[in-house]
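Structure file work37.cif with mmCIF, C-alpha atoms:
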data_input
loop_
_atom_site.group_PDB
_atom_site.id
_atom_site.type_symbol
_atom_site.label_atom_id
_atom_site.label_comp_id
_atom_site.auth_asym_id
_atom_site.auth_seq_id
_atom_site.Cartn_x
_atom_site.Cartn_y
_atom_site.Cartn_z
ATOM 1 C CA MET N 1 84.232 -1.764 -72.036
ATOM 2 C CA LEU N 2 81.614 -4.349 -73.029
ATOM 3 C CA LEU N 3 83.644 -5.931 -75.831
ATOM 4 C CA PRO N 4 86.269 -7.534 -73.526
ATOM 5 C CA ALA N 5 83.495 -8.759 -71.252
ATOM 6 C CA MET N 6 81.655 -10.380 -74.152
ATOM 7 C CA TYR N 7 84.414 -11.517 -76.498
ATOM 8 C CA ALA N 8 87.799 -11.772 -74.737
ATOM 9 C CA GLY N 9 89.245 -15.118 -75.757
ATOM 10 C CA VAL N 10 86.929 -15.472 -78.772
ATOM 11 C CA PRO N 11 88.824 -15.613 -82.115
ATOM 12 C CA ASP N 12 88.247 -12.817 -84.617
ATOM 13 C CA LEU N 13 86.340 -13.510 -87.807
ATOM 14 C CA PRO N 14 88.605 -14.858 -90.606
ATOM 15 C CA VAL N 15 88.252 -11.654 -92.658
ATOM 16 C CA VAL N 16 89.291 -9.529 -89.665
ATOM 17 C CA THR N 17 92.299 -11.768 -89.022
ATOM 18 C CA SER N 18 93.276 -11.717 -92.709
ATOM 19 C CA LEU N 19 93.168 -7.914 -92.922
ATOM 20 C CA GLY N 20 95.060 -7.611 -89.635
ATOM 21 C CA GLN N 21 97.869 -9.766 -91.047
ATOM 22 C CA LYS N 22 98.091 -7.318 -93.950
ATOM 23 C CA GLY N 23 98.538 -4.414 -91.553
ATOM 24 C CA ILE N 24 94.973 -3.125 -91.925
ATOM 25 C CA ASP N 25 93.443 -2.273 -88.542
ATOM 26 C CA VAL N 26 89.722 -3.035 -88.707
ATOM 27 C CA ARG N 27 86.956 -3.610 -86.192
ATOM 28 C CA ASP N 28 84.640 -6.595 -86.145
ATOM 29 C CA GLY N 29 81.373 -4.834 -86.947
ATOM 30 C CA ALA N 30 79.201 -7.772 -85.905
ATOM 31 C CA THR N 31 80.682 -7.910 -82.399
ATOM 32 C CA MET N 32 80.316 -4.143 -82.025
ATOM 33 C CA ASP N 33 76.675 -4.369 -83.114
ATOM 34 C CA ARG N 34 75.975 -7.064 -80.510
ATOM 35 C CA ALA N 35 77.649 -5.012 -77.782
ATOM 36 C CA ILE N 36 75.458 -2.000 -78.637
ATOM 37 C CA ALA N 37 72.403 -4.269 -78.677
ATOM 38 C CA GLU N 38 73.280 -5.351 -75.114
ATOM 39 C CA LEU N 39 73.293 -1.686 -74.072
ATOM 40 C CA TRP N 40 69.785 -1.151 -75.373
ATOM 41 C CA ASN N 41 68.565 -4.452 -73.908
ATOM 42 C CA ALA N 42 69.731 -3.145 -70.540
ATOM 43 C CA VAL N 43 67.884 0.142 -71.189
ATOM 44 C CA ASP N 44 64.665 -1.774 -71.861
ATOM 45 C CA GLU N 45 65.216 -3.751 -68.642
ATOM 46 C CA CYS N 46 65.631 -0.445 -66.743
ATOM 47 C CA SER N 47 69.129 -1.406 -65.551
ATOM 48 C CA LEU N 48 70.844 1.222 -67.737
ATOM 49 C CA ARG N 49 69.686 4.834 -67.953
ATOM 50 C CA PRO N 50 70.307 6.767 -71.184
ATOM 51 C CA MET N 51 70.921 10.503 -70.920
ATOM 52 C CA ALA N 52 71.069 13.421 -73.323
ATOM 53 C CA ILE N 53 73.739 16.069 -72.725
ATOM 54 C CA GLY N 54 73.853 19.467 -74.422
ATOM 55 C CA GLY N 55 72.315 22.895 -74.677
ATOM 56 C CA ARG N 56 73.441 26.302 -73.396
ATOM 57 C CA PRO N 57 73.889 26.338 -70.517
ATOM 58 C CA ARG N 58 74.935 22.713 -70.585
ATOM 59 C CA ARG N 59 72.446 20.336 -68.962
ATOM 60 C CA VAL N 60 71.833 16.605 -68.544
ATOM 61 C CA GLU N 61 68.382 15.140 -69.206
ATOM 62 C CA ARG N 62 67.442 11.545 -68.462
ATOM 63 C CA LEU N 63 65.639 9.762 -71.323
ATOM 64 C CA ASP N 64 62.894 7.177 -70.910
ATOM 65 C CA ALA N 65 63.296 3.936 -72.844
ATOM 66 C CA ALA N 66 60.068 4.673 -74.738
ATOM 67 C CA ILE N 67 61.296 7.977 -76.152
ATOM 68 C CA THR N 68 64.554 6.435 -77.386
ATOM 69 C CA ASN N 69 62.475 4.156 -79.613
ATOM 70 C CA GLN N 70 60.802 7.206 -81.187
ATOM 71 C CA ILE N 71 64.062 8.855 -82.258
ATOM 72 C CA PRO N 72 65.194 7.669 -85.739
ATOM 73 C CA THR N 73 68.521 5.766 -85.798
ATOM 74 C CA LEU N 74 69.265 6.574 -82.143
ATOM 75 C CA ARG N 75 69.502 2.874 -81.322
ATOM 76 C CA SER N 76 71.184 1.964 -84.575
ATOM 77 C CA PRO N 77 74.864 0.894 -84.389
ATOM 78 C CA ARG N 78 75.470 3.245 -87.330
ATOM 79 C CA GLY N 79 73.531 6.162 -85.850
ATOM 80 C CA ARG N 80 73.209 6.802 -82.099
ATOM 81 C CA GLY N 81 72.507 10.503 -82.593
ATOM 82 C CA PHE N 82 69.679 13.032 -82.737
ATOM 83 C CA THR N 83 70.461 14.343 -86.249
ATOM 84 C CA LEU N 84 67.374 12.890 -87.952
ATOM 85 C CA LEU N 85 64.907 14.048 -85.305
ATOM 86 C CA ARG N 86 62.302 16.312 -86.971
ATOM 87 C CA GLN N 87 59.589 18.610 -85.605
ATOM 88 C CA SER N 88 56.866 16.169 -86.694
ATOM 89 C CA ASN N 89 58.243 13.642 -84.212
ATOM 90 C CA PRO N 90 56.603 13.801 -80.743
ATOM 91 C CA ALA N 91 60.026 13.388 -79.130
ATOM 92 C CA TYR N 92 61.305 16.577 -80.834
ATOM 93 C CA HIS N 93 59.303 18.993 -78.696
ATOM 94 C CA GLN N 94 60.269 17.273 -75.444
ATOM 95 C CA LEU N 95 63.973 17.470 -76.265
ATOM 96 C CA ALA N 96 63.779 20.941 -77.815
ATOM 97 C CA SER N 97 62.226 22.274 -74.618
ATOM 98 C CA CYS N 98 65.388 21.142 -72.796
ATOM 99 C CA PHE N 99 68.144 21.820 -75.342
ATOM 100 C CA GLY N 100 66.739 24.206 -77.914
ATOM 101 C CA SER N 101 66.556 23.573 -81.648
ATOM 102 C CA ASP N 102 70.218 22.594 -82.143
ATOM 103 C CA LEU N 103 69.544 18.918 -81.362
ATOM 104 C CA PRO N 104 72.288 17.476 -83.642
ATOM 105 C CA ARG N 105 74.817 18.778 -81.083
ATOM 106 C CA VAL N 106 73.156 16.882 -78.246
ATOM 107 C CA THR N 107 75.120 13.825 -77.096
ATOM 108 C CA LEU N 108 73.787 10.452 -75.973
ATOM 109 C CA ALA N 109 75.496 9.133 -72.822
ATOM 110 C CA PHE N 110 75.304 6.431 -70.163
ATOM 111 C CA ARG N 111 76.548 6.389 -66.576
ATOM 112 C CA GLU N 112 79.961 4.733 -66.417
ATOM 113 C CA THR N 113 79.107 2.903 -63.186
ATOM 114 C CA GLU N 114 76.033 1.351 -64.791
ATOM 115 C CA VAL N 115 77.991 0.248 -67.858
ATOM 116 C CA HIS N 116 80.578 -1.356 -65.539
ATOM 117 C CA ARG N 117 77.729 -3.152 -63.788
ATOM 118 C CA LEU N 118 76.418 -4.401 -67.128
ATOM 119 C CA ALA N 119 79.906 -5.620 -68.087
ATOM 120 C CA ARG N 120 80.148 -7.638 -64.860
ATOM 121 C CA LYS N 121 76.729 -9.150 -65.595
ATOM 122 C CA LEU N 122 77.897 -10.207 -69.055
ATOM 123 C CA ILE N 123 81.067 -11.702 -67.567
ATOM 124 C CA ARG N 124 78.996 -13.779 -65.170
ATOM 125 C CA ALA N 125 76.809 -14.930 -68.057
ATOM 126 C CA ARG N 126 79.898 -16.002 -70.006
ATOM 127 C CA ARG N 127 81.241 -17.904 -66.997
ATOM 128 C CA THR N 128 77.930 -19.729 -66.637
ATOM 129 C CA ALA N 129 77.907 -20.590 -70.342
ATOM 130 C CA VAL N 130 81.501 -21.838 -70.243
ATOM 131 C CA ARG N 131 80.777 -24.055 -67.241
ATOM 132 C CA ALA N 132 77.629 -25.399 -68.885
ATOM 133 C CA ASN N 133 79.559 -26.269 -72.058
ATOM 134 C CA ASP N 134 82.306 -27.948 -70.048
ATOM 135 C CA ALA N 135 79.719 -30.025 -68.196
ATOM 136 C CA LYS N 136 78.323 -31.292 -71.517
ATOM 137 C CA ARG N 137 81.702 -32.603 -72.688
ATOM 138 C CA PRO N 138 82.064 -36.218 -71.564
ATOM 139 C CA ARG N 139 85.610 -36.603 -72.850
ATOM 140 C CA GLY N 140 88.780 -34.611 -73.063
ATOM 141 C CA ARG N 141 90.434 -32.206 -70.701
ATOM 142 C CA PRO N 142 89.099 -28.633 -70.880
ATOM 143 C CA SER N 143 91.540 -25.864 -71.698
ATOM 144 C CA ARG N 144 92.841 -24.414 -68.452
ATOM 145 C CA GLN N 145 93.269 -21.049 -70.144
ATOM 146 C CA GLY N 146 89.632 -21.101 -71.216
ATOM 147 C CA MET N 147 88.597 -21.947 -67.661
ATOM 148 C CA ILE N 148 90.143 -18.816 -66.170
ATOM 149 C CA ILE N 149 89.610 -16.125 -68.823
ATOM 150 C CA SER N 150 86.291 -14.996 -67.360
ATOM 151 C CA THR N 151 87.727 -15.226 -63.818
ATOM 152 C CA ILE N 152 90.631 -12.917 -64.693
ATOM 153 C CA LEU N 153 88.290 -10.519 -66.501
ATOM 154 C CA GLU N 154 86.108 -10.266 -63.414
ATOM 155 C CA ILE N 155 89.069 -9.797 -61.052
ATOM 156 C CA VAL N 156 90.532 -7.007 -63.182
ATOM 157 C CA GLU N 157 87.122 -5.399 -63.804
ATOM 158 C CA ARG N 158 86.521 -5.184 -60.055
ATOM 159 C CA GLY N 159 89.893 -3.514 -59.528
ATOM 160 C CA LYS N 160 91.249 -6.328 -57.360
ATOM 161 C CA PHE N 161 94.395 -6.568 -59.466
ATOM 162 C CA VAL N 162 96.713 -4.100 -61.198
ATOM 163 C CA PRO N 163 99.935 -5.042 -63.028
ATOM 164 C CA LEU N 164 102.072 -3.534 -60.270
ATOM 165 C CA ASN N 165 100.807 -6.248 -57.893
ATOM 166 C CA GLY N 166 102.747 -8.877 -59.799
ATOM 167 C CA LEU N 167 101.807 -12.121 -61.508
ATOM 168 C CA LYS N 168 101.896 -14.285 -58.368
ATOM 169 C CA ALA N 169 99.289 -12.068 -56.677
ATOM 170 C CA LEU N 170 96.915 -12.540 -59.617
ATOM 171 C CA THR N 171 97.503 -16.311 -59.643
ATOM 172 C CA GLN N 172 96.550 -16.467 -55.964
ATOM 173 C CA LEU N 173 93.338 -14.513 -56.637
ATOM 174 C CA VAL N 174 92.441 -16.838 -59.533
ATOM 175 C CA ASN N 175 92.930 -19.976 -57.448
ATOM 176 C CA ARG N 176 90.890 -18.505 -54.599
ATOM 177 C CA SER N 177 88.036 -17.722 -56.999
ATOM 178 C CA GLY N 178 87.582 -21.315 -58.123
ATOM 179 C CA LYS N 179 88.335 -24.867 -57.079
ATOM 180 C CA PHE N 180 90.997 -25.788 -59.601
ATOM 181 C CA GLU N 181 92.696 -29.162 -59.305
ATOM 182 C CA PRO N 182 95.607 -28.986 -59.725
ATOM 183 C CA PRO N 183 95.928 -25.243 -58.959
ATOM 184 C CA ILE N 184 96.378 -22.853 -61.864
ATOM 185 C CA SER N 185 100.044 -22.068 -62.495
ATOM 186 C CA ASP N 186 101.729 -18.688 -62.949
ATOM 187 C CA ASP N 187 102.569 -19.645 -66.540
ATOM 188 C CA THR N 188 98.912 -20.301 -67.410
ATOM 189 C CA VAL N 189 97.826 -16.979 -65.898
ATOM 190 C CA ALA N 190 100.650 -15.193 -67.752
ATOM 191 C CA ARG N 191 99.562 -16.678 -71.089
ATOM 192 C CA VAL N 192 95.958 -15.600 -70.513
ATOM 193 C CA LEU N 193 97.043 -12.059 -69.567
ATOM 194 C CA ASP N 194 99.201 -11.807 -72.697
ATOM 195 C CA ARG N 195 96.319 -13.076 -74.804
ATOM 196 C CA LEU N 196 93.846 -10.573 -73.327
ATOM 197 C CA TYR N 197 96.268 -7.682 -73.769
ATOM 198 C CA GLN N 198 97.004 -8.661 -77.358
ATOM 199 C CA GLU N 199 93.295 -8.855 -78.194
ATOM 200 C CA THR N 200 92.034 -5.791 -76.299
ATOM 201 C CA LYS N 201 95.127 -3.545 -75.976
ATOM 202 C CA ASP N 202 93.774 -2.772 -72.485
ATOM 203 C CA ARG N 203 96.737 -1.834 -70.283
ATOM 204 C CA ARG N 204 95.087 -3.422 -67.276
ATOM 205 C CA PHE N 205 96.167 -6.763 -68.779
ATOM 206 C CA GLN N 206 99.706 -5.676 -69.657
ATOM 207 C CA ARG N 207 102.351 -7.534 -67.675
ATOM 208 C CA LEU N 208 105.355 -5.737 -66.236
ATOM 209 C CA ARG N 209 108.391 -7.746 -67.252
ATOM 210 C CA ARG N 210 111.692 -7.599 -65.464
ATOM 211 C CA ARG N 211 114.724 -7.057 -67.614
ATOM 212 C CA ARG N 212 117.667 -9.259 -66.894
ATOM 213 C CA LYS N 213 120.944 -7.494 -66.422
ATOM 214 C CA GLN N 214 123.499 -8.486 -69.021
ATOM 215 C CA GLN N 215 126.800 -9.633 -67.598
ATOM 216 C CA GLY N 216 129.839 -7.984 -69.063
ATOM 217 C CA VAL N 217 132.387 -10.076 -70.975
ATOM 218 C CA SER N 218 135.966 -9.581 -69.852
ATOM 219 C CA GLY N 219 138.768 -9.793 -72.334
ATOM 220 C CA ASN N 220 141.891 -11.938 -71.928
#
Would you mind giving the structure from this file in structure tokens?
Amino acid sequence: MLLPAMYAGVPDLPVVTSLGQKGIDVRDGATMDRAIAELWNAVDECSLRPMAIGGRPRRVERLDAAITNQIPTLRSPRGRGFTLLRQSNPAYHQLASCFGSDLPRVTLAFRETEVHRLARKLIRARRTAVRANDAKRPRGRPSRQGMIISTILEIVERGKFVPLNGLKALTQLVNRSGKFEPPISDDTVARVLDRLYQETKDRRFQRLRRRRKQQGVSGN
């Protein structure tokens, strides 16, 4: 959810591209690490609430930001679990009183609505950065696709557009969201949608294409 908000339109690292061309599906570990870091930054800012889910009967317990720092590897991109939590750790007794001693089965979770809110915040930050970079360029015409990537991400993220609405409806929403001169064309919006779908495989960016009927050929 955060990766499209942070990196849609940003080229993959050369090694990721090279392996992809060889048919090897890999993830860009650095981008994933930065996305996870944004989650924990939001936790520290009290805009995202971590929760622990588990136990019998099943229960949900909200975690303070301070206690998440006490749990080994919980914040690590390669960890994010409670497996290494030992009885000598002050956080162990607090969690064990809620979930019992089988803490490795406890799951870390975040509210989906809060993660969506964080994604929209990151989109806005990207839009501000893009505009700031464009303002610093004294020469050359900025890429019109680059100008609208963050706009389309925000429109789709807010649920204002679904593929069934059609390409023209999305183009109208894009042009209403910003003062583009001349207005953004359907072809530019289509290319950005195709690019986002290719990079994210998110079906919200998949265009519905009409198939042309083939005319029959009559014999003499």
Quick one: everything within 10 Å of Ala65 of chain N, counting only C-alpha atoms, minus sequence neighbours fewer than 6 positions away in the same chain. Send it as a list in words.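 What passes the distance filter is Trp40, Asn41, Ala42, Val43, Asp44, Glu45, Cys46, Leu48, Arg49 and Pro50 of chain N.
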Filtering to C-alpha atoms, could you give me those residues as a PDB file, keeping the file's coordinate frame?
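Okay, this is what ended up in selection.pdb:
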ATOM      1  CA  TRP N  40      69.785  -1.151 -75.373  1.00  0.00           C
ATOM      2  CA  ASN N  41      68.565  -4.452 -73.908  1.00  0.00           C
ATOM      3  CA  ALA N  42      69.731  -3.145 -70.540  1.00  0.00           C
ATOM      4  CA  VAL N  43      67.884   0.142 -71.189  1.00  0.00           C
ATOM      5  CA  ASP N  44      64.665  -1.774 -71.861  1.00  0.00           C
ATOM      6  CA  GLU N  45      65.216  -3.751 -68.642  1.00  0.00           C
ATOM      7  CA  CYS N  46      65.631  -0.445 -66.743  1.00  0.00           C
ATOM      8  CA  LEU N  48      70.844   1.222 -67.737  1.00  0.00           C
ATOM      9  CA  ARG N  49      69.686   4.834 -67.953  1.00  0.00           C
ATOM     10  CA  PRO N  50      70.307   6.767 -71.184  1.00  0.00           C
TER      11      PRO N  50
END
Atomic separation - atom CA of Gln94 of chain N relative to atom CA of Glu38 of chain N, Å: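 Taking atom CA of Glu38 of chain N and atom CA of Gln94 of chain N, their separation equals 26.1 Å.
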N:Ala35, N:Val192, N:Val106, N:Met51: which is nearest Leu84 of chain N, counting only C-alpha atoms?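 The shortest atom-to-atom distance to Leu84 of chain N comes from N:Val106.
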Which residue out of N:Asp186, N:Gly81, N:Leu164, N:Thr31 has the minimum interatomic distance to Ala109 of chain N when all atoms listed in the file are used?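 That would be N:Gly81, the residue with the smallest distance to Ala109 of chain N.
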Work out how far apart atom CA of Thr200 of chain N and atom CA of Ser150 of chain N are and give it in Å to one decimal.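 So the two atoms, atom CA of Thr200 of chain N and atom CA of Ser150 of chain N, lie 14.1 Å apart.
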For a quick check of understanding, using only C-alpha atoms, which of N:Thr113, N:Arg78, N:Arg58, N:Ile67 has the smallest distance to Tyr92 of chain N?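 Distance minimum relative to Tyr92 of chain N lands on N:Ile67.
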What does the structure give for the distance between atom CA of Gln87 of chain N and atom CA of Ser101 of chain N, in Å to one decimal?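 Distance reported for this atom pair: 9.4 Å.
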Would you translate the PyMOL selection byres ((chain N and resi 52) around 6) into the concrete set of residues it matches in this file, as a CSV table (one decimal) with C-alpha atoms, keeping the file's coordinate frame?
chain,number,residue,atom,x,y,z
N,51,MET,CA,70.9,10.5,-70.9
N,53,ILE,CA,73.7,16.1,-72.7
N,60,VAL,CA,71.8,16.6,-68.5
N,61,GLU,CA,68.4,15.1,-69.2
N,107,THR,CA,75.1,13.8,-77.1
N,108,LEU,CA,73.8,10.5,-76.0
Residues in the PyMOL selection byres ((chain N and resi 183) around 12), expressed as JSON, numbers by chain: {"N": [144, 147, 148, 171, 172, 173, 174, 175, 176, 177, 178, 179, 180, 181, 182, 184, 185, 186, 187, 188, 189]}
Which is closest to Gly100 of chain N among N:Gly55, N:Arg86, N:Arg127, N:Asp64, if we use only C-alpha atoms?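 Among the listed residues, the smallest separation from Gly100 of chain N belongs to N:Gly55.
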Minimum-distance residue to Val156 of chain N, chosen among N:Arg204, N:Arg191, N:Arg105, N:Arg126 (using all atoms listed in the file): N:Arg204
Missing atoms in segment 174-185 of chain N: can you complete it with all heavy atoms, as a CSV table (one decimal), in the coordinates of the input?
chain,number,residue,atom,x,y,z
N,174,VAL,N,93.1,-15.9,-58.6
N,174,VAL,CA,92.4,-16.8,-59.5
N,174,VAL,C,92.1,-18.2,-58.8
N,174,VAL,O,91.0,-18.7,-58.9
N,174,VAL,CB,93.3,-17.1,-60.8
N,174,VAL,CG1,92.7,-18.2,-61.6
N,174,VAL,CG2,93.4,-15.8,-61.6
N,175,ASN,N,93.1,-18.7,-58.1
N,175,ASN,CA,92.9,-20.0,-57.4
N,175,ASN,C,91.9,-19.9,-56.3
N,175,ASN,O,91.2,-20.8,-56.0
N,175,ASN,CB,94.3,-20.5,-57.0
N,175,ASN,CG,95.1,-21.1,-58.1
N,175,ASN,OD1,94.6,-22.0,-58.8
N,175,ASN,ND2,96.3,-20.7,-58.2
N,176,ARG,N,91.9,-18.7,-55.7
N,176,ARG,CA,90.9,-18.5,-54.6
N,176,ARG,C,89.5,-18.4,-55.2
N,176,ARG,O,88.5,-18.7,-54.5
N,176,ARG,CB,91.2,-17.2,-53.8
N,176,ARG,CG,92.5,-17.3,-52.9
N,176,ARG,CD,92.8,-16.0,-52.3
N,176,ARG,NE,94.1,-16.0,-51.6
N,176,ARG,CZ,94.7,-14.9,-51.2
N,176,ARG,NH1,94.1,-13.7,-51.4
N,176,ARG,NH2,95.9,-15.0,-50.6
N,177,SER,N,89.4,-17.9,-56.4
N,177,SER,CA,88.0,-17.7,-57.0
N,177,SER,C,87.4,-19.0,-57.5
N,177,SER,O,86.2,-19.0,-57.7
N,177,SER,CB,88.1,-16.8,-58.2
N,177,SER,OG,88.6,-15.5,-57.8
N,178,GLY,N,88.2,-20.1,-57.7
N,178,GLY,CA,87.6,-21.3,-58.1
N,178,GLY,C,88.3,-22.5,-57.6
N,178,GLY,O,89.5,-22.4,-57.2
N,179,LYS,N,87.7,-23.7,-57.6
N,179,LYS,CA,88.3,-24.9,-57.1
N,179,LYS,C,89.0,-25.6,-58.2
N,179,LYS,O,88.4,-26.4,-58.9
N,179,LYS,CB,87.3,-25.8,-56.4
N,179,LYS,CG,86.6,-25.1,-55.2
N,179,LYS,CD,85.6,-26.1,-54.6
N,179,LYS,CE,85.0,-25.4,-53.3
N,179,LYS,NZ,83.9,-26.3,-52.7
N,180,PHE,N,90.3,-25.2,-58.5
N,180,PHE,CA,91.0,-25.8,-59.6
N,180,PHE,C,91.9,-26.9,-59.1
N,180,PHE,O,92.7,-26.7,-58.1
N,180,PHE,CB,91.8,-24.7,-60.3
N,180,PHE,CG,91.0,-23.6,-60.9
N,180,PHE,CD1,91.0,-22.3,-60.3
N,180,PHE,CD2,90.2,-23.8,-62.0
N,180,PHE,CE1,90.2,-21.3,-60.8
N,180,PHE,CE2,89.4,-22.7,-62.5
N,180,PHE,CZ,89.4,-21.5,-61.9
N,181,GLU,N,91.9,-28.0,-59.7
N,181,GLU,CA,92.7,-29.2,-59.3
N,181,GLU,C,93.4,-29.8,-60.5
N,181,GLU,O,92.7,-30.3,-61.4
N,181,GLU,CB,91.8,-30.2,-58.6
N,181,GLU,CG,92.7,-31.3,-57.9
N,181,GLU,CD,93.6,-30.8,-56.9
N,181,GLU,OE1,93.3,-29.8,-56.2
N,181,GLU,OE2,94.7,-31.4,-56.8
N,182,PRO,N,94.7,-29.7,-60.6
N,182,PRO,CA,95.6,-29.0,-59.7
N,182,PRO,C,95.5,-27.5,-59.8
N,182,PRO,O,94.8,-27.0,-60.8
N,182,PRO,CB,97.0,-29.5,-60.2
N,182,PRO,CG,96.8,-29.7,-61.7
N,182,PRO,CD,95.4,-30.3,-61.8
N,183,PRO,N,96.0,-26.7,-58.9
N,183,PRO,CA,95.9,-25.2,-59.0
N,183,PRO,C,96.5,-24.7,-60.3
N,183,PRO,O,97.4,-25.2,-60.9
N,183,PRO,CB,96.8,-24.8,-57.8
N,183,PRO,CG,96.8,-26.0,-56.8
N,183,PRO,CD,96.8,-27.2,-57.7
N,184,ILE,N,95.9,-23.5,-60.7
N,184,ILE,CA,96.4,-22.9,-61.9
N,184,ILE,C,97.8,-22.3,-61.6
N,184,ILE,O,98.1,-21.8,-60.6
N,184,ILE,CB,95.4,-21.7,-62.2
N,184,ILE,CG1,94.0,-22.2,-62.4
N,184,ILE,CG2,95.9,-20.9,-63.4
N,184,ILE,CD1,93.9,-23.2,-63.6
N,185,SER,N,98.6,-22.5,-62.6
N,185,SER,CA,100.0,-22.1,-62.5
N,185,SER,C,100.2,-20.6,-62.9
N,185,SER,O,99.4,-20.0,-63.6
N,185,SER,CB,100.9,-23.0,-63.3
N,185,SER,OG,100.7,-22.8,-64.7
